[in-house]
Amino acid sequence: KSCTVYAPGTVANLVCGFDILGLCLSSPTDKMEVKLLNERKIIVKSADGYPLPEDPALNTAGAPLLEIIKDINENIGFEVLIYKNIKPGSGVGSSAASAAGAVVAANHLLGNRFSKEQQIQYAMFGEKVASGVKHADNVAPCIYGGITLIRSINPLDIIPLPAPDLYVTVVHPQIEVRTADARAILKHQIELKNAIKQWGNIAGLVAGILKNDVELIGRSLEDHIIEPIRSQLIPGFAELKQNCLSAGALGGGISGSGPSIFMLSKTEETAIKVEAEMQKIYTNLQVDYHTYISKIN
Ligand code: HSE
């Protein structure tokens, strides 16, 4: 038995919701072909030459599958072939796509025996391999679609939210920012006045999503805690954000742990103008980049 899954990219944090909010993109997607084996073995292969760790325990798709076979105690295993369209290290949930895609395919091949929450629990083992910590703000939107709120990961409490009809423009400057490094530089203590602003924005963002109030969504895309630190790792960030807002974007910021930056727009026309601003900045800075326009899916 085998199946093919398409695992989408995701934007974690949504600016103010560090580790608790994420959205699912309509593109790019990884393609994964997964085969059920009749021995207790996990094999993960790259279909397009992108180097992947051979040891499944060190692989973001392999680690969750090892957990699955550990738990079910049957004589089965999986072989996974990955077509990696979502560049690792780009900040749009590449590791989450591999992890979630592998789990969703395994669940299908095993007769849909796991709930969505259980699939997220397994997929988080892949995130642990990638960044050293379990976080669900990429794997949850990857599995649920739309926007997800992760109220808690222990115990897991996921609240799927409706997807507003917005365009997402993404720029991926070709610089390397490892999630583990981007987490290591964060402060462990925050000032109460910043925490209050952040709570206001998170509440405003969730209210805006539920009410489909795009202006409120835009106003709430502010981050007083993480962005001031992480943006130092991304050349041109402040100017790019300012220019994209002037071009009509509702708001945006660092996608996940970066280096990609995302901006939300109401219309495709604005999303294209925003993309042009992004291209201008990185052309001037002589940093190679890649841009694309997607939708919340
Ligand atoms: N919430 C995580 C972080 C997402 O910002 O570190 C990483 O993709």
# chains A, B, ... in the order shown; residues from 1 in each chain; ligands from 1
>>> residues_near_ligand(ligand="ligand 1", cutoff="6 Å", atoms="only C-alpha atoms and all ligand atoms", output="mmCIF file with C-alpha atoms, in the first residue's frame")
data_model
loop_
_atom_site.group_PDB
_atom_site.id
_atom_site.type_symbol
_atom_site.label_atom_id
_atom_site.label_comp_id
_atom_site.auth_asym_id
_atom_site.auth_seq_id
_atom_site.Cartn_x
_atom_site.Cartn_y
_atom_site.Cartn_z
ATOM 1 C CA ALA A 12 4.278 30.516 12.281
ATOM 2 C CA ASN A 13 3.877 33.158 14.993
ATOM 3 C CA PHE A 18 5.092 33.501 19.167
ATOM 4 C CA ASP A 19 4.646 29.694 19.282
ATOM 5 C CA GLY A 91 11.096 30.062 7.660
ATOM 6 C CA GLY A 93 7.688 25.473 7.958
ATOM 7 C CA ASP A 137 2.555 26.514 15.340
ATOM 8 C CA THR A 179 15.520 28.159 14.168
ATOM 9 C CA ARG A 183 15.439 30.868 19.614
ATOM 10 C CA GLY A 256 8.419 31.795 11.809
ATOM 11 C CA SER A 257 12.011 32.223 12.882
#
>>> residues_around(residues="region 7-9 of chain A", least_positions_apart="6", cutoff="7 Å", atoms="only C-alpha atoms", output="PyMOL selection string")
chain A and resi 24-31+86+92-94+97+101+142
>>> write_last_selection(atoms="N, CA and C atoms", output="tab-separated table (two decimals), in the first residue's frame")
chain	number	residue	atom	x	y	z
A	24	CYS	N	-1.75	28.43	7.27
A	24	CYS	CA	-1.38	27.48	6.23
A	24	CYS	C	-1.39	28.19	4.87
A	25	LEU	N	-0.36	28.01	4.08
A	25	LEU	CA	-0.26	28.62	2.75
A	25	LEU	C	-0.81	27.67	1.68
A	26	SER	N	-1.31	28.26	0.59
A	26	SER	CA	-1.78	27.40	-0.51
A	26	SER	C	-0.60	26.84	-1.31
A	27	SER	N	0.52	27.53	-1.30
A	27	SER	CA	1.75	27.04	-1.93
A	27	SER	C	2.93	27.73	-1.24
A	28	PRO	N	4.11	27.20	-1.24
A	28	PRO	CA	4.56	25.95	-1.86
A	28	PRO	C	4.12	24.72	-1.06
A	29	THR	N	4.21	23.54	-1.70
A	29	THR	CA	3.94	22.29	-0.99
A	29	THR	C	5.07	21.30	-1.27
A	30	ASP	N	5.39	20.49	-0.29
A	30	ASP	CA	6.28	19.34	-0.50
A	30	ASP	C	5.42	18.19	-1.00
A	31	LYS	N	5.99	17.39	-1.89
A	31	LYS	CA	5.29	16.17	-2.31
A	31	LYS	C	5.97	14.99	-1.62
A	86	ILE	N	9.80	23.05	-0.38
A	86	ILE	CA	9.90	24.09	0.64
A	86	ILE	C	11.32	24.04	1.18
A	92	VAL	N	9.33	29.01	6.36
A	92	VAL	CA	7.91	28.74	6.07
A	92	VAL	C	7.57	27.27	6.37
A	93	GLY	N	8.13	26.78	7.45
A	93	GLY	CA	7.69	25.47	7.96
A	93	GLY	C	8.13	24.28	7.13
A	94	SER	N	9.38	24.29	6.68
A	94	SER	CA	9.87	23.16	5.89
A	94	SER	C	9.92	21.88	6.73
A	97	ALA	N	6.42	20.59	7.39
A	97	ALA	CA	5.78	19.95	6.24
A	97	ALA	C	6.23	18.49	6.14
A	101	GLY	N	3.45	15.83	6.91
A	101	GLY	CA	3.15	15.03	5.71
A	101	GLY	C	3.36	13.55	5.99
A	142	CYS	N	-0.48	23.14	9.30
A	142	CYS	CA	-0.18	22.25	8.17
A	142	CYS	C	-1.21	21.12	8.12
>>> select_by_dssp(residues="region 26-260 of chain A", states="helix (DSSP H, G or I)", output="compact mmCIF listing (two decimals) with C-alpha atoms, in the first residue's frame")
# COMPACT_ATOMS: atom_id res chain seq x y z
CA PRO A 56 15.51 8.37 10.56
CA ALA A 57 15.83 9.47 14.20
CA LEU A 58 17.62 12.61 12.99
CA GLY A 62 11.59 9.90 10.21
CA ALA A 63 11.41 10.83 13.90
CA PRO A 64 7.56 10.98 14.06
CA LEU A 65 7.28 7.69 12.14
CA LEU A 66 9.63 5.98 14.61
CA GLU A 67 7.29 7.13 17.40
CA ILE A 68 4.29 5.72 15.54
CA ILE A 69 5.81 2.26 15.08
CA LYS A 70 7.00 2.29 18.69
CA ASP A 71 3.43 2.91 19.86
CA ILE A 72 1.53 0.47 17.66
CA SER A 94 9.87 23.16 5.89
CA SER A 95 10.54 20.79 8.78
CA ALA A 96 6.87 20.88 9.78
CA ALA A 97 5.78 19.95 6.24
CA SER A 98 8.02 16.86 6.27
CA ALA A 99 6.88 15.87 9.75
CA ALA A 100 3.16 16.53 9.22
CA GLY A 101 3.15 15.03 5.71
CA ALA A 102 4.76 11.81 6.96
CA VAL A 103 2.28 11.49 9.84
CA VAL A 104 -0.80 12.27 7.73
CA ALA A 105 0.30 9.69 5.12
CA ALA A 106 1.05 7.07 7.80
CA ASN A 107 -2.34 7.69 9.41
CA HIS A 108 -4.05 7.19 6.05
CA LEU A 109 -2.11 3.97 5.36
CA LYS A 116 -5.82 15.28 14.38
CA GLU A 117 -4.48 16.02 17.88
CA GLN A 118 -2.61 12.69 17.93
CA GLN A 119 -1.16 13.43 14.49
CA ILE A 120 0.06 16.80 15.79
CA GLN A 121 1.62 15.09 18.83
CA TYR A 122 3.57 12.77 16.51
CA ALA A 123 4.54 15.54 14.08
CA MET A 124 6.00 17.60 16.94
CA PHE A 125 8.72 14.93 17.31
CA GLY A 126 9.95 16.14 13.92
CA GLU A 127 10.04 19.75 15.15
CA LYS A 128 12.06 18.61 18.16
CA VAL A 129 14.66 17.18 15.78
CA ALA A 130 14.73 20.41 13.75
CA SER A 131 14.83 23.05 16.46
CA VAL A 139 2.50 21.43 12.23
CA ALA A 140 -0.99 22.39 13.46
CA PRO A 141 -1.88 24.72 10.55
CA CYS A 142 -0.18 22.25 8.17
CA ILE A 143 -2.57 19.49 9.33
CA TYR A 144 -5.72 21.57 9.99
CA THR A 179 15.52 28.16 14.17
CA ALA A 180 17.61 26.87 17.07
CA ASP A 181 19.87 29.98 16.84
CA ALA A 182 16.90 32.33 16.42
CA ARG A 183 15.44 30.87 19.61
CA ALA A 184 18.71 30.93 21.54
CA LEU A 192 5.31 43.95 31.84
CA LYS A 193 4.53 46.97 29.63
CA ASN A 194 5.61 44.98 26.56
CA ALA A 195 3.67 41.92 27.69
CA ILE A 196 0.53 44.06 27.98
CA LYS A 197 0.96 45.41 24.44
CA GLN A 198 1.53 41.88 23.18
CA TRP A 199 -1.61 40.52 24.89
CA GLY A 200 -3.63 43.35 23.34
CA ASN A 201 -2.31 42.49 19.89
CA ILE A 202 -2.85 38.74 20.19
CA ALA A 203 -6.39 39.25 21.45
CA GLY A 204 -6.99 41.82 18.68
CA LEU A 205 -5.65 39.47 16.03
CA VAL A 206 -7.82 36.54 17.13
CA ALA A 207 -10.87 38.82 17.42
CA GLY A 208 -10.10 40.23 13.96
CA ILE A 209 -9.88 36.72 12.48
CA LEU A 210 -13.16 35.64 14.10
CA LYS A 211 -14.98 38.83 13.07
CA VAL A 214 -9.17 42.77 8.21
CA GLU A 215 -8.30 46.27 9.48
CA LEU A 216 -8.21 44.93 13.04
CA ILE A 217 -6.05 42.03 11.83
CA GLY A 218 -3.66 44.55 10.27
CA ARG A 219 -3.46 46.77 13.39
CA SER A 220 -2.76 43.75 15.56
CA GLU A 227 10.72 40.98 16.40
CA PRO A 228 13.00 43.65 17.90
CA ILE A 229 15.57 40.91 18.62
CA ARG A 230 15.20 38.58 15.65
CA SER A 231 14.93 41.32 13.05
CA GLN A 232 18.62 42.06 13.67
CA LEU A 233 19.37 38.77 11.89
CA PHE A 237 13.96 44.27 7.68
CA ALA A 238 12.80 47.66 9.04
CA GLU A 239 12.90 49.42 5.67
CA LEU A 240 11.20 46.51 3.94
CA LYS A 241 8.37 46.46 6.45
CA GLN A 242 7.87 50.21 6.18
CA ASN A 243 7.85 50.16 2.37
CA CYS A 244 5.42 47.24 2.22
CA LEU A 245 3.00 49.04 4.57
CA SER A 246 3.28 52.17 2.41
>>> closest_residue(among="A:Gly146, A:Gly253, A:Gly248, A:Gly258", to="Asp165 (chain A)", atoms="only C-alpha atoms")
A:Gly146
>>> closest_residue(among="A:Ile226, A:Val287, A:Val80, A:Ile20", to="Asp157 (chain A)", atoms="only C-alpha atoms")
A:Ile20
>>> atom_distance(atom1="CA of Met263 (chain A)", atom2="CA of Glu222 (chain A)")
12.1 Å
